[in-house]
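One structure is given here, and the rest of the page talks about it.
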Amino acid sequence: MVGERKLSDEVSGWLRIYDDGTVDRAWTGPPQVKFMTDPVPAHHHFIDGVATRDVTIDEISGLRVRIYLPEMHPENHHKLPVILHFHGGGFCISQADWFMYYHIYTRLAKSAKAIVVSVFLRLAPEHRLPAASDDGYSSLLWLHSLAKGDSHESWISNHADFNRIFLIGDSSGGNLVHEVAARAGRIDLSPLRLSGGIPVHPGFVRSERSKSELEQPESPFLTLDMVDKFLSLALPVGSTKDHPITCPMGAAAPPLDSLKLPPLLLCVAEMDLIRDTEMEYYEAMKKAKKDVKLLITPGMGHSFYLNKIALDMDPFTAAQATGLIEGIVEFINQH
């Protein structure tokens, strides 16, 4: 008789790994939270001012993106900036079509009057880093091929201003903003122009625990166990958190002053567990004379704006999410 598979590791609520190598990402935390992890089907017609569709951008690898197109008034012929989005989840969980991203990125598409392109990143441990950053970079190269007219995607080809491409990422997706921007700085992307990057609560950490990791409260979106376990599953085998993707300001990473980077807006939550290492990145970027602005959200924890329940229940949290979106829109409008 074949033995039952046994649980070999888990990240509470989010992820279970079995001894036969299979991975189960079905949500097992509080049932009232599950809706935030449910996929939202694409809708090609406008709902609340935004239409969405999923597109396979690489037939060989199967890489897909979700496109958010804001409704435009017929008399408005302006081309729209494009925001290329990398989702969070510690490189191990979540999908571009989850409700938690849908509710905030439809809002950003409308507020910024921009096309949002959200990448379905490959996940660890089946696909360890740099798989996710390769997917992010491939998506930027796909936009480049549209800008050159080498390929066509009607929503983007017809409506995009390829002079105004921005990268944005939540949590581990924020790491990819830095990583993809650094890679992009080594090649000629014209006629596309990378106008800015927006790492939101990026997962910048280091091997040694920071003060904020030891002192700040844990949240449903980030616990020390999640940081440690997700990164042990996601980083290349044998790597520590000092790896360049998780610690771009560290000694193992390329010197920041050697990188060609677009202007960045670093978004930090005051009560984030990993606030201190995010601030170390900011200080290192300033020292390297990079164009980096800081947007700090008071009183909030990691990825708070993705938590639809908190936004609906608590006026202060809702106001802070509005302030964050306004700050991001202002940055986009300035570049």
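Starting from 1 in every chain, residues are counted up; chains themselves are A, B, ... following the order of the structure tokens, and ligands are numbered from 1 as listed.
If you count only C-alpha atoms and ignore residues fewer than 2 places along the chain from range 64-68 of chain A, what sits within 6 Å of it is Ala51, Thr52, Arg53, Asp54, Val55, Thr56, Ile57, Ile115, Val116, Val117, Ser118, Val119 and Phe120 of chain A.
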Any chance you can output those residues with N, CA and C atoms as a PDB file, in the first residue's frame?
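Output (part07.pdb):
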ATOM      1  N   ALA A  51     -11.995  47.884 -17.168  1.00  0.00           N
ATOM      2  CA  ALA A  51     -12.138  46.562 -17.804  1.00  0.00           C
ATOM      3  C   ALA A  51     -10.833  45.794 -17.597  1.00  0.00           C
ATOM      4  N   THR A  52     -10.922  44.458 -17.560  1.00  0.00           N
ATOM      5  CA  THR A  52      -9.715  43.654 -17.353  1.00  0.00           C
ATOM      6  C   THR A  52      -9.670  42.514 -18.361  1.00  0.00           C
ATOM      7  N   ARG A  53      -8.466  42.114 -18.718  1.00  0.00           N
ATOM      8  CA  ARG A  53      -8.328  40.882 -19.476  1.00  0.00           C
ATOM      9  C   ARG A  53      -6.971  40.258 -19.224  1.00  0.00           C
ATOM     10  N   ASP A  54      -6.916  38.935 -19.382  1.00  0.00           N
ATOM     11  CA  ASP A  54      -5.681  38.182 -19.169  1.00  0.00           C
ATOM     12  C   ASP A  54      -5.091  37.809 -20.520  1.00  0.00           C
ATOM     13  N   VAL A  55      -3.786  38.013 -20.648  1.00  0.00           N
ATOM     14  CA  VAL A  55      -3.098  37.796 -21.917  1.00  0.00           C
ATOM     15  C   VAL A  55      -1.861  36.941 -21.684  1.00  0.00           C
ATOM     16  N   THR A  56      -1.659  35.925 -22.513  1.00  0.00           N
ATOM     17  CA  THR A  56      -0.415  35.155 -22.472  1.00  0.00           C
ATOM     18  C   THR A  56       0.615  35.896 -23.314  1.00  0.00           C
ATOM     19  N   ILE A  57       1.734  36.291 -22.680  1.00  0.00           N
ATOM     20  CA  ILE A  57       2.715  37.115 -23.398  1.00  0.00           C
ATOM     21  C   ILE A  57       3.917  36.303 -23.878  1.00  0.00           C
ATOM     22  N   ILE A 115      -2.976  52.519 -17.487  1.00  0.00           N
ATOM     23  CA  ILE A 115      -3.169  51.092 -17.738  1.00  0.00           C
ATOM     24  C   ILE A 115      -2.289  50.347 -16.737  1.00  0.00           C
ATOM     25  N   VAL A 116      -2.865  49.397 -16.025  1.00  0.00           N
ATOM     26  CA  VAL A 116      -2.072  48.557 -15.119  1.00  0.00           C
ATOM     27  C   VAL A 116      -1.890  47.188 -15.763  1.00  0.00           C
ATOM     28  N   VAL A 117      -0.656  46.700 -15.755  1.00  0.00           N
ATOM     29  CA  VAL A 117      -0.348  45.360 -16.268  1.00  0.00           C
ATOM     30  C   VAL A 117       0.245  44.576 -15.099  1.00  0.00           C
ATOM     31  N   SER A 118      -0.481  43.575 -14.610  1.00  0.00           N
ATOM     32  CA  SER A 118      -0.056  42.815 -13.430  1.00  0.00           C
ATOM     33  C   SER A 118       0.397  41.425 -13.853  1.00  0.00           C
ATOM     34  N   VAL A 119       1.590  41.045 -13.431  1.00  0.00           N
ATOM     35  CA  VAL A 119       2.229  39.821 -13.930  1.00  0.00           C
ATOM     36  C   VAL A 119       1.892  38.620 -13.044  1.00  0.00           C
ATOM     37  N   PHE A 120       1.519  37.504 -13.672  1.00  0.00           N
ATOM     38  CA  PHE A 120       1.359  36.228 -12.954  1.00  0.00           C
ATOM     39  C   PHE A 120       2.763  35.625 -12.781  1.00  0.00           C
TER      40      PHE A 120
END
Using only C-alpha atoms, find the one residue out of A:Gly173, A:Pro199, A:Pro191, A:Pro30 that sits nearest to Ala132 in chain A. A:Gly173
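Shortest atom-to-atom contact with Val23 in chain A among A:Pro70, A:Pro220, A:Pro315, A:Pro125: A:Pro125, counting only C-alpha atoms.
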Using only C-alpha atoms: which of A:Ser139, A:Thr240, A:Ser133, A:Thr106 has the shortest distance to Leu84 in chain A: A:Ser139
